[in-house]
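Structure file work.cif; described as mmCIF, C-alpha atoms.
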```
data_entry
#
loop_
_atom_site.label_atom_id
_atom_site.label_comp_id
_atom_site.auth_asym_id
_atom_site.auth_seq_id
_atom_site.Cartn_x
_atom_site.Cartn_y
_atom_site.Cartn_z
CA MET A 220 -68.20 121.95 149.35
CA LYS A 221 -70.62 119.23 150.53
CA LEU A 222 -72.05 116.22 148.75
CA LEU A 223 -75.27 114.73 150.15
CA LEU A 224 -76.18 111.23 148.93
CA ALA A 225 -79.38 109.22 149.38
CA ASP A 226 -81.37 106.43 147.74
CA HIS A 227 -83.95 109.01 146.60
CA ILE A 228 -83.52 112.63 145.52
CA LEU A 229 -86.71 114.63 144.88
CA PRO A 230 -85.88 117.87 143.04
CA ILE A 231 -89.68 118.57 142.80
CA SER A 232 -89.03 120.47 139.56
CA SER A 233 -88.19 117.17 137.86
CA ASP A 234 -88.59 113.43 138.38
CA PRO A 235 -87.01 111.69 141.37
CA ILE A 236 -83.46 110.40 141.04
CA ILE A 237 -82.71 106.93 142.34
CA GLY A 238 -79.26 106.78 143.93
CA GLY A 239 -78.70 110.50 143.65
CA ALA A 240 -76.75 113.36 145.16
CA VAL A 241 -76.98 117.08 145.87
CA VAL A 242 -73.88 119.26 145.77
CA ILE A 243 -73.83 122.30 148.09
CA ASP A 244 -71.31 125.12 148.10
CA GLY A 245 -71.92 127.60 150.90
CA GLU A 246 -75.57 128.62 150.91
CA ARG A 247 -76.40 127.44 147.39
CA ILE A 248 -77.03 124.26 145.46
CA VAL A 249 -74.39 123.65 142.79
CA GLU A 250 -75.62 120.49 141.09
CA VAL A 251 -78.15 117.66 141.41
CA GLY A 252 -77.71 114.29 139.74
CA SER A 253 -76.62 110.68 140.10
CA ALA A 254 -74.40 109.79 143.03
CA GLY A 255 -71.88 108.02 140.79
CA ASP A 256 -71.42 110.96 138.45
CA LEU A 257 -71.21 113.63 141.14
CA THR A 258 -68.88 111.76 143.50
CA ALA A 259 -66.51 111.26 140.56
CA LYS A 260 -66.77 114.94 139.60
CA TYR A 261 -66.43 116.49 143.08
CA THR A 262 -63.65 114.36 144.54
CA ALA A 263 -62.68 116.94 147.18
CA ALA A 264 -66.22 117.40 148.53
CA GLU A 265 -67.22 116.32 152.04
CA ILE A 266 -69.56 113.35 151.50
CA THR A 267 -72.51 112.37 153.69
CA ASN A 268 -74.41 109.29 152.58
CA PHE A 269 -77.86 109.02 154.16
CA GLY A 270 -78.57 105.69 152.49
CA THR A 271 -82.22 104.64 152.81
CA ALA A 272 -83.58 108.16 152.81
CA ALA A 273 -85.06 110.89 150.65
CA ILE A 274 -83.53 114.32 150.10
CA LEU A 275 -86.02 117.00 149.05
CA PRO A 276 -86.56 120.75 149.32
CA GLY A 277 -87.34 121.91 152.84
CA PHE A 278 -91.02 122.18 153.67
CA VAL A 279 -92.67 125.60 153.52
CA ASN A 280 -95.30 126.16 156.21
CA CYS A 281 -96.99 129.18 154.70
CA HIS A 282 -99.56 129.81 157.45
CA SER A 283 -98.65 129.58 161.12
CA HIS A 284 -99.05 131.39 164.43
CA LEU A 285 -95.86 130.59 166.33
CA GLU A 286 -96.76 132.97 169.16
CA ILE A 287 -99.43 130.63 170.50
CA THR A 288 -97.52 127.36 170.37
CA SER A 289 -97.77 127.16 174.16
CA MET A 290 -101.57 126.86 173.84
CA ARG A 291 -101.27 123.39 172.30
CA GLY A 292 -104.23 121.36 173.60
CA ALA A 293 -105.39 124.15 175.91
CA LEU A 294 -108.43 125.06 173.81
CA ASP A 295 -109.45 121.60 172.60
CA GLU A 296 -112.52 121.41 174.80
CA VAL A 297 -114.07 124.37 172.93
CA GLU A 298 -112.93 123.46 169.41
CA HIS A 299 -116.48 122.49 168.41
CA ASP A 300 -117.60 126.09 168.91
CA PHE A 301 -115.62 128.58 166.82
CA ARG A 302 -117.07 131.56 168.69
CA SER A 303 -116.05 130.20 172.10
CA TRP A 304 -112.66 129.15 170.75
CA LEU A 305 -111.90 132.65 169.44
CA LEU A 306 -112.98 134.29 172.69
CA ARG A 307 -110.96 131.85 174.79
CA LEU A 308 -107.93 132.31 172.51
CA ASN A 309 -107.97 136.09 172.84
CA SER A 310 -108.48 135.86 176.60
CA SER A 311 -105.59 133.41 177.02
CA ARG A 312 -103.27 135.41 174.78
CA ALA A 313 -103.98 138.57 176.79
CA GLU A 314 -102.68 136.79 179.89
CA MET A 315 -99.32 135.99 178.28
CA SER A 316 -96.34 138.22 179.02
CA ASP A 317 -93.93 139.33 176.30
CA SER A 318 -91.41 136.74 177.48
CA ASP A 319 -94.13 134.05 177.43
CA ILE A 320 -94.94 134.89 173.82
CA GLU A 321 -91.28 134.88 172.78
CA ALA A 322 -90.68 131.50 174.45
CA SER A 323 -93.80 130.13 172.79
CA ALA A 324 -92.70 131.29 169.33
CA LEU A 325 -89.23 129.81 169.80
CA LEU A 326 -90.75 126.47 170.78
CA GLY A 327 -92.81 126.49 167.58
CA ALA A 328 -89.86 127.40 165.37
CA ARG A 329 -87.78 124.58 166.83
CA GLU A 330 -90.62 122.13 166.31
CA GLY A 331 -90.77 123.19 162.68
CA ALA A 332 -87.02 122.77 162.19
CA GLN A 333 -87.21 119.24 163.61
CA ALA A 334 -90.05 118.51 161.18
CA GLY A 335 -88.11 119.53 158.06
CA VAL A 336 -89.75 122.95 157.77
CA THR A 337 -87.19 125.43 156.47
CA CYS A 338 -89.50 128.39 155.86
CA PHE A 339 -92.51 129.84 157.69
CA GLY A 340 -95.18 132.34 156.74
CA ASP A 341 -95.91 133.40 160.31
CA ILE A 342 -98.56 135.79 161.63
CA GLY A 343 -98.16 137.51 164.97
CA ARG A 344 -99.73 140.29 166.97
CA MET A 345 -96.29 140.68 168.56
CA GLY A 346 -94.42 140.24 165.28
CA HIS A 347 -90.90 140.48 166.62
CA ALA A 348 -91.45 137.31 168.70
CA GLY A 349 -91.85 135.26 165.53
CA LEU A 350 -88.97 137.05 163.83
CA LYS A 351 -86.66 136.45 166.79
CA ALA A 352 -87.71 132.80 166.94
CA LEU A 353 -87.01 132.15 163.26
CA THR A 354 -83.71 134.02 163.42
CA LYS A 355 -82.53 132.21 166.55
CA THR A 356 -83.44 128.84 165.02
CA GLY A 357 -81.78 129.68 161.70
CA LEU A 358 -84.97 129.38 159.65
CA ARG A 359 -86.22 131.37 156.68
CA GLY A 360 -89.58 133.08 156.50
CA ILE A 361 -91.87 136.07 156.28
CA VAL A 362 -93.29 137.37 159.55
CA TYR A 363 -96.55 139.27 159.15
CA GLN A 364 -97.47 141.95 161.66
CA GLU A 365 -101.14 141.35 162.45
CA THR A 366 -103.77 143.99 163.10
CA GLU A 367 -105.55 144.33 166.44
CA PHE A 368 -109.36 144.09 166.56
CA SER A 369 -110.23 147.12 164.40
CA PRO A 370 -113.54 146.72 162.50
CA ASP A 371 -114.87 150.25 163.03
CA ASN A 372 -114.30 152.87 160.30
CA ARG A 373 -114.47 155.61 162.93
CA THR A 374 -111.05 154.55 164.24
CA ALA A 375 -109.47 153.58 160.91
CA ALA A 376 -106.96 156.47 160.82
CA GLN A 377 -105.53 155.79 164.28
CA ASP A 378 -105.67 152.05 163.71
CA PHE A 379 -103.55 152.47 160.59
CA GLN A 380 -101.12 154.76 162.37
CA ALA A 381 -100.69 152.26 165.23
CA LEU A 382 -100.20 149.37 162.81
CA GLY A 383 -97.68 151.37 160.78
CA ALA A 384 -95.62 152.12 163.87
CA LYS A 385 -95.48 148.42 164.78
CA PHE A 386 -94.62 147.46 161.23
CA GLU A 387 -91.78 149.96 160.86
CA LYS A 388 -90.30 148.75 164.14
CA LEU A 389 -90.54 145.16 162.94
CA LYS A 390 -89.05 146.01 159.54
CA ALA A 391 -85.95 147.38 161.25
CA GLU A 392 -85.34 143.82 162.54
CA GLU A 393 -85.43 142.17 159.07
CA THR A 394 -82.58 139.82 158.21
CA ASP A 395 -81.28 138.18 155.05
CA LEU A 396 -83.43 135.13 155.82
CA VAL A 397 -86.51 136.65 157.47
CA GLY A 398 -88.58 139.36 155.81
CA VAL A 399 -91.69 141.11 157.10
CA GLY A 400 -95.20 141.78 155.90
CA LEU A 401 -98.64 142.85 157.11
CA SER A 402 -101.68 140.82 158.07
CA PRO A 403 -105.04 142.57 158.19
CA HIS A 404 -106.56 139.72 160.17
CA SER A 405 -109.89 139.09 158.41
CA PRO A 406 -112.90 140.70 156.74
CA TYR A 407 -114.77 140.69 160.07
CA THR A 408 -112.06 142.21 162.30
CA VAL A 409 -110.72 144.96 160.02
CA SER A 410 -112.75 147.96 158.87
CA SER A 411 -113.27 148.65 155.20
CA GLN A 412 -111.32 151.92 155.37
CA LEU A 413 -108.42 150.28 157.18
CA PHE A 414 -108.36 147.52 154.58
CA GLU A 415 -108.14 150.13 151.82
CA MET A 416 -105.32 151.96 153.56
CA ILE A 417 -103.34 148.76 154.14
CA ALA A 418 -103.87 147.60 150.54
CA GLN A 419 -102.65 150.92 149.13
CA TYR A 420 -99.66 150.92 151.48
CA SER A 421 -98.83 147.36 150.44
CA ILE A 422 -99.01 148.07 146.72
CA ILE A 423 -96.96 151.28 146.87
CA ASN A 424 -94.27 149.80 149.11
CA ARG A 425 -94.38 146.21 147.79
CA ILE A 426 -95.15 144.77 151.20
CA PRO A 427 -96.51 141.19 151.32
CA LEU A 428 -99.97 140.72 152.79
CA THR A 429 -101.77 137.73 154.24
CA ILE A 430 -105.41 137.56 155.32
CA HIS A 431 -107.70 134.96 156.89
CA ALA A 432 -110.55 134.78 154.38
CA ALA A 433 -113.67 132.71 153.67
CA GLU A 434 -112.84 130.46 156.61
CA SER A 435 -116.23 129.64 158.10
CA ASP A 436 -120.00 129.69 157.65
CA HIS A 437 -120.15 132.35 160.39
CA GLU A 438 -117.95 134.65 158.32
CA VAL A 439 -120.00 134.08 155.17
CA GLU A 440 -123.25 134.71 157.07
CA LEU A 441 -121.93 138.01 158.37
CA LEU A 442 -120.56 139.19 155.02
CA THR A 443 -123.53 138.12 152.92
CA ARG A 444 -126.44 138.77 155.30
CA GLY A 445 -125.11 140.85 158.17
CA THR A 446 -126.27 138.35 160.79
CA GLY A 447 -124.71 135.80 163.14
CA PHE A 448 -122.58 135.72 166.26
CA PHE A 449 -120.05 138.30 165.06
CA THR A 450 -122.81 140.93 165.26
CA GLU A 451 -123.12 140.16 168.99
CA VAL A 452 -119.44 141.00 169.43
CA TYR A 453 -119.88 144.28 167.56
CA GLU A 454 -122.84 145.21 169.75
CA LYS A 455 -120.90 144.35 172.92
CA PHE A 456 -118.03 146.66 171.95
CA ASP A 457 -120.22 149.36 170.34
CA VAL A 458 -118.68 148.76 166.91
CA GLU A 459 -120.24 150.38 163.85
CA TRP A 460 -120.00 147.85 161.01
CA HIS A 461 -122.10 147.38 157.88
CA SER A 462 -122.35 144.18 155.89
CA PRO A 463 -121.25 144.45 152.24
CA HIS A 464 -123.76 141.71 151.30
CA SER A 465 -121.15 139.87 149.26
CA SER A 466 -118.83 136.94 149.62
CA PRO A 467 -115.62 137.59 151.60
CA ILE A 468 -113.54 137.31 148.43
CA GLU A 469 -115.77 139.70 146.48
CA TYR A 470 -115.59 142.11 149.41
CA LEU A 471 -111.78 142.08 149.30
CA GLU A 472 -111.95 142.71 145.55
CA ARG A 473 -114.25 145.72 146.03
CA LEU A 474 -111.85 147.23 148.56
CA GLY A 475 -108.89 146.84 146.22
CA VAL A 476 -107.23 144.32 148.52
CA LEU A 477 -106.94 141.58 145.88
CA SER A 478 -104.91 144.01 143.76
CA ALA A 479 -102.17 143.68 146.41
CA GLN A 480 -102.02 139.94 145.54
CA PRO A 481 -102.38 138.75 149.14
CA LEU A 482 -101.86 135.27 150.51
CA LEU A 483 -105.36 134.19 151.53
CA ALA A 484 -105.50 131.67 154.36
CA HIS A 485 -108.18 128.95 154.39
CA CYS A 486 -110.63 129.88 151.56
CA VAL A 487 -112.93 127.03 152.58
CA LYS A 488 -116.15 128.80 151.61
CA VAL A 489 -115.52 129.93 148.05
CA SER A 490 -117.59 129.85 144.88
CA ASP A 491 -116.41 129.31 141.31
CA GLU A 492 -116.50 133.08 140.85
CA ASP A 493 -114.42 133.59 143.99
CA ILE A 494 -111.82 131.18 142.64
CA ARG A 495 -111.73 133.10 139.36
CA ARG A 496 -111.21 136.34 141.29
CA ILE A 497 -108.31 134.89 143.27
CA SER A 498 -106.72 133.56 140.09
CA ASN A 499 -107.28 136.69 138.01
CA TYR A 500 -105.61 138.94 140.58
CA GLY A 501 -102.67 136.61 141.13
CA ALA A 502 -103.47 136.11 144.81
CA ALA A 503 -102.33 132.91 146.54
CA VAL A 504 -103.92 130.44 148.96
CA ALA A 505 -102.60 128.90 152.19
CA HIS A 506 -104.41 125.58 152.46
CA CYS A 507 -104.86 124.41 156.08
CA PRO A 508 -106.92 121.21 155.83
CA LYS A 509 -106.30 119.84 159.32
CA SER A 510 -107.16 123.05 161.17
CA ASN A 511 -110.25 123.55 159.02
CA ALA A 512 -111.40 119.99 159.70
CA LYS A 513 -110.80 120.27 163.43
CA PHE A 514 -113.18 123.23 163.58
CA GLY A 515 -115.67 121.44 161.34
CA HIS A 516 -115.45 124.25 158.79
CA GLY A 517 -115.26 121.91 155.81
CA TYR A 518 -112.70 121.28 153.07
CA ALA A 519 -111.29 123.93 150.78
CA PRO A 520 -111.35 122.89 147.08
CA PHE A 521 -107.61 122.23 146.81
CA GLU A 522 -107.60 120.74 143.31
CA ARG A 523 -109.77 123.55 141.94
CA PHE A 524 -107.29 126.13 143.20
CA ARG A 525 -104.44 124.32 141.49
CA ASP A 526 -106.39 123.80 138.26
CA ALA A 527 -107.13 127.54 138.21
CA GLY A 528 -103.39 128.26 138.27
CA ILE A 529 -103.42 129.64 141.82
CA ALA A 530 -100.26 129.28 143.90
CA VAL A 531 -101.29 126.97 146.75
CA GLY A 532 -99.13 126.13 149.75
CA LEU A 533 -99.83 124.18 152.91
CA GLY A 534 -100.12 125.65 156.39
CA SER A 535 -100.34 124.05 159.80
CA ASP A 536 -102.12 127.09 161.30
CA SER A 537 -101.42 127.29 165.04
CA VAL A 538 -100.91 124.19 167.13
CA ALA A 539 -103.80 125.53 169.23
CA SER A 540 -106.04 124.48 166.35
CA ASN A 541 -103.96 121.66 164.88
CA ASN A 542 -101.78 120.33 167.73
CA VAL A 543 -98.69 119.64 165.59
CA CYS A 544 -96.52 121.34 163.01
CA ASP A 545 -96.06 118.41 160.63
CA LEU A 546 -96.21 119.06 156.89
CA PHE A 547 -96.26 115.30 156.18
CA GLU A 548 -99.55 115.10 158.08
CA GLU A 549 -100.80 118.24 156.38
CA ALA A 550 -99.97 116.84 152.93
CA ARG A 551 -101.56 113.50 153.79
CA PHE A 552 -104.72 115.17 155.06
CA ALA A 553 -104.82 117.47 152.02
CA ALA A 554 -104.75 114.48 149.68
CA LEU A 555 -107.35 112.45 151.58
CA ALA A 556 -109.67 115.41 152.12
CA ALA A 557 -109.49 116.38 148.44
CA ARG A 558 -110.33 112.85 147.37
CA ASN A 559 -113.21 112.59 149.84
CA ARG A 560 -114.70 116.08 149.52
CA GLU A 561 -118.21 116.25 148.16
CA GLY A 562 -117.99 117.81 144.72
CA SER A 563 -114.34 116.88 144.25
CA GLN A 564 -113.55 117.15 140.57
CA ARG A 565 -110.57 114.81 140.26
CA PHE A 566 -108.12 112.57 142.09
CA VAL A 567 -105.29 114.33 143.93
CA SER A 568 -101.96 112.47 143.96
CA ALA A 569 -99.29 112.19 146.64
CA ARG A 570 -96.86 113.98 144.35
CA GLU A 571 -99.27 116.89 143.95
CA VAL A 572 -99.59 117.57 147.68
CA LEU A 573 -95.83 117.17 148.11
CA VAL A 574 -95.40 119.91 145.52
CA ALA A 575 -97.78 122.07 147.55
CA ALA A 576 -95.74 121.44 150.70
CA THR A 577 -92.56 122.67 149.00
CA LEU A 578 -92.69 124.65 145.77
CA GLY A 579 -96.35 125.61 146.24
CA GLY A 580 -95.61 127.24 149.57
CA ALA A 581 -92.58 128.99 148.12
CA ARG A 582 -94.73 130.42 145.33
CA ALA A 583 -97.45 131.43 147.78
CA LEU A 584 -94.88 133.45 149.75
CA GLY A 585 -93.25 134.86 146.62
CA LEU A 586 -89.96 133.06 147.36
CA ASP A 587 -89.92 130.49 144.56
CA ASP A 588 -86.94 132.17 142.90
CA LEU A 589 -84.92 131.19 145.99
CA ILE A 590 -86.42 127.98 147.39
CA GLY A 591 -88.95 125.20 146.77
CA THR A 592 -86.92 122.99 144.43
CA LEU A 593 -83.50 121.37 144.32
CA GLU A 594 -81.90 123.18 141.38
CA PRO A 595 -78.48 124.72 140.74
CA GLY A 596 -78.31 128.30 141.96
CA LYS A 597 -81.12 127.98 144.46
CA GLN A 598 -80.67 128.28 148.20
CA ALA A 599 -79.70 125.06 149.94
CA ASP A 600 -82.91 124.70 151.97
CA ILE A 601 -83.17 120.94 152.33
CA ALA A 602 -84.94 118.22 154.33
CA VAL A 603 -83.50 114.73 154.66
CA VAL A 604 -86.09 112.09 155.54
CA SER A 605 -85.29 108.58 156.68
CA LEU A 606 -87.14 105.79 154.85
CA ASP A 607 -85.72 103.11 157.11
CA ASN A 608 -88.83 102.43 159.18
CA ILE A 609 -90.59 99.12 158.60
CA ALA A 610 -93.86 101.04 158.20
CA GLN A 611 -92.41 102.75 155.11
CA HIS A 612 -91.32 99.57 153.31
CA PRO A 613 -91.29 98.69 150.54
CA VAL A 614 -90.69 102.08 148.92
CA THR A 615 -92.32 101.36 145.59
CA ASP A 616 -93.41 105.00 145.13
CA VAL A 617 -91.29 107.51 147.02
CA HIS A 618 -94.00 110.21 146.91
CA ALA A 619 -96.53 107.84 148.48
CA ALA A 620 -93.97 106.66 151.03
CA LEU A 621 -93.40 110.25 152.16
CA VAL A 622 -97.01 111.42 152.13
CA PHE A 623 -98.84 108.32 153.35
CA SER A 624 -96.22 106.50 155.46
CA SER A 625 -93.97 109.17 156.98
CA ASN A 626 -94.16 111.87 159.62
CA ALA A 627 -92.09 114.64 161.17
CA ARG A 628 -90.17 112.20 163.37
CA ASP A 629 -88.60 110.65 160.27
CA VAL A 630 -86.69 113.86 159.48
CA VAL A 631 -82.99 113.31 160.16
CA MET A 632 -81.58 116.63 158.97
CA THR A 633 -82.86 120.10 158.12
CA ILE A 634 -80.66 122.59 156.27
CA VAL A 635 -81.32 126.30 155.62
CA ALA A 636 -79.04 128.29 153.32
CA GLY A 637 -76.43 125.55 153.64
CA ASN A 638 -76.48 125.56 157.46
CA THR A 639 -77.72 122.59 159.48
CA VAL A 640 -80.55 123.72 161.78
CA HIS A 641 -81.58 120.23 162.88
CA LEU A 642 -79.72 116.95 163.08
CA SER A 643 -81.48 113.94 164.55
CA SER A 644 -79.70 112.15 167.35
CA ASN A 645 -81.39 108.85 166.46
#
```

Could you express the structure from this file as structure tokens?
Amino acid sequence: MKLLLADHILPISSDPIIGGAVVIDGERIVEVGSAGDLTAKYTAAEITNFGTAAILPGFVNCHSHLEITSMRGALDEVEHDFRSWLLRLNSSRAEMSDSDIEASALLGAREGAQAGVTCFGDIGRMGHAGLKALTKTGLRGIVYQETEFSPDNRTAAQDFQALGAKFEKLKAEETDLVGVGLSPHSPYTVSSQLFEMIAQYSIINRIPLTIHAAESDHEVELLTRGTGFFTEVYEKFDVEWHSPHSSPIEYLERLGVLSAQPLLAHCVKVSDEDIRRISNYGAAVAHCPKSNAKFGHGYAPFERFRDAGIAVGLGSDSVASNNVCDLFEEARFAALAARNREGSQRFVSAREVLVAATLGGARALGLDDLIGTLEPGKQADIAVVSLDNIAQHPVTDVHAALVFSSNARDVVMTIVAGNTVHLSSN
């Protein structure tokens, strides 16, 4: 049995505890409370006192692409042009060997562990690379097998068969900590018939889905008017594709995809009606404010998602479009972007984005019965963050100190299911 002490304990499900402790037995949390009470109660426990620090649930990065971690900074010169960025990304990825992709994914998983991330929602074309990386690092997560470029209904049957073969192979590699799902990439790269097949397969077999949706003006232009640069790509590859003349979210509803309650990444370009659709179907949102801003796509309406009762988590996206996997930065940017977004409806607090970085991500991935809060019976997925830096003092509000004054380098320990996966040498 272990007893972790710190000046600040953030259960997330309840108010912070000053001078608190967390009791761990094996992979689970036994009790959370005051340090004095719990040290007196558990006299035989192994005690670690982190002092000027905060203990909170591990961060949940619910939208990542670990496979392309090695492309950090390589595409920055084309980031202003989404079309060029996508083309360069696909070209660069095609040049990577299987071993390159596996090494890249492992690098990303280790970066996450050092940053206090205990759980990933990771999308990969070569899904087993992400699964191997999370398993080797000792992290939790869901790895989503992504579709290839498949927007033509004429090839939907064979596209589904090929995807199913990859998925079944990936599913055979599932572990107690890492599950698998499917990722039909986006409304503009997956045919309507393939979407319908994947949605039905997901519902029948209870397989989690995640989809890039309503990410950019280019996507909205294609879906609503059938024009824009994506049509040039279709023409180049002789793809037969017809615009539904609707918003991306309405399109997913028409195809029955929202009935599978997918995790929708980005959702920058959404209307009030789109938000109602997401909420009504019980779908979730992966909010990626830094990646969206880097592309100039705009700001998703974070507070409106939360006010609509939608499960909202934070995602770093790939470091090819963000540069770092740091959920402190993501939470900070989420708060500042929400406050500064034109049409923002209310003030977003530091505590609110910290909830999104932990419990919100757990809910978005459907894992909130296991992780996301420090409560008895839950898995011991924990981040310990030093508050000893002069730039963090004085700690008058621990939520503000974490969100506005801290970063990934302040993480001193990361624990998953009771096992230490990162321990700072500083």

task: Might you pull out every residue within 10 Å of range 619-632 of chain A, with only C-alpha atoms counted and same-chain residues fewer than 3 positions away left off, and present them as a PyMOL selection string?
output: chain A and resi 269+272-274+277+330-336+543-555+568-570+572-573+601-616+639-645

message: Which residues are close to Ile237 in chain A, i.e. within 10 Å by all atoms listed in the file, leaving aside same-chain residues fewer than 2 positions away? Reply as a VMD selection string.
response: chain A and resid 225 to 229 234 to 235 239 to 240 252 to 254 273 617

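Residue selection for this entry, given the PyMOL selection byres ((chain A and resi 363) around 9), comprises Gly340, Asp341, Ile342, Gly343, Arg344, Gly346, Gly349, Ile361, Val362, Gln364, Glu365, Phe386, Gly398, Val399, Gly400, Leu401, Ser402, Pro427, Leu428 and Thr429 of chain A.
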
query: Taking (-82.8, 128.3, 162.6) in the file's coordinates as the center, which residues reach within 12 Å of it, counting all atoms listed in the file, put as a ChimeraX atom specification?
result: /A:325-333,335-339,349-360,396-397,600,633-642

- prompt: When the PyMOL selection byres ((chain A and resi 447-456) around 12) is applied to the file above, which residues end up in the set, as a PyMOL selection string?
  reply: chain A and resi 300-303+305-306+368-371+406-410+435-446+457-462

Quick one: apply the PyMOL selection byres ((chain A and resi 475-477) around 12) to the file and drop the selected residues here as a compact mmCIF listing (two decimals) with C-alpha atoms, in the frame of the given file.
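To be explicit, this is the file written out as selection30.txt:
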```txt
# COMPACT_ATOMS: atom_id res chain seq x y z
CA SER A 402 -101.68 140.82 158.07
CA PRO A 403 -105.04 142.57 158.19
CA SER A 405 -109.89 139.09 158.41
CA PRO A 406 -112.90 140.70 156.74
CA SER A 411 -113.27 148.65 155.20
CA GLN A 412 -111.32 151.92 155.37
CA LEU A 413 -108.42 150.28 157.18
CA PHE A 414 -108.36 147.52 154.58
CA GLU A 415 -108.14 150.13 151.82
CA MET A 416 -105.32 151.96 153.56
CA ILE A 417 -103.34 148.76 154.14
CA ALA A 418 -103.87 147.60 150.54
CA GLN A 419 -102.65 150.92 149.13
CA TYR A 420 -99.66 150.92 151.48
CA SER A 421 -98.83 147.36 150.44
CA ILE A 422 -99.01 148.07 146.72
CA PRO A 427 -96.51 141.19 151.32
CA LEU A 428 -99.97 140.72 152.79
CA THR A 429 -101.77 137.73 154.24
CA ILE A 430 -105.41 137.56 155.32
CA ALA A 432 -110.55 134.78 154.38
CA PRO A 467 -115.62 137.59 151.60
CA ILE A 468 -113.54 137.31 148.43
CA GLU A 469 -115.77 139.70 146.48
CA TYR A 470 -115.59 142.11 149.41
CA LEU A 471 -111.78 142.08 149.30
CA GLU A 472 -111.95 142.71 145.55
CA ARG A 473 -114.25 145.72 146.03
CA LEU A 474 -111.85 147.23 148.56
CA SER A 478 -104.91 144.01 143.76
CA ALA A 479 -102.17 143.68 146.41
CA GLN A 480 -102.02 139.94 145.54
CA PRO A 481 -102.38 138.75 149.14
CA LEU A 482 -101.86 135.27 150.51
CA LEU A 483 -105.36 134.19 151.53
CA ASP A 493 -114.42 133.59 143.99
CA ILE A 494 -111.82 131.18 142.64
CA ARG A 495 -111.73 133.10 139.36
CA ARG A 496 -111.21 136.34 141.29
CA ILE A 497 -108.31 134.89 143.27
CA SER A 498 -106.72 133.56 140.09
CA ASN A 499 -107.28 136.69 138.01
CA TYR A 500 -105.61 138.94 140.58
CA GLY A 501 -102.67 136.61 141.13
CA ALA A 502 -103.47 136.11 144.81
CA ALA A 503 -102.33 132.91 146.54
CA VAL A 504 -103.92 130.44 148.96
```

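Going from CA of Ala556 in chain A over to CA of Ser490 in chain A, you cover 18.0 Å.
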
task: Please provide the set of residues having any atom within 8 Å of range 525-539 of chain A, restricted to only C-alpha atoms, with same-chain residues fewer than 6 positions apart removed, written as a PyMOL selection string.
output: chain A and resi 279-285+287-295+494-495+497-498+501-507+509-510+545-546+549-550+575-583

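With all atoms listed in the file as the atoms that count, the minimum distance from Gly585 in chain A to the choices A:Lys390, A:Lys221, A:Arg425, A:Lys385 is reached by A:Arg425.
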
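With all atoms listed in the file as the basis for measurement, A:His404 is the residue among A:His347, A:His404, A:Lys388, A:His618 that approaches Thr366 in chain A most closely.
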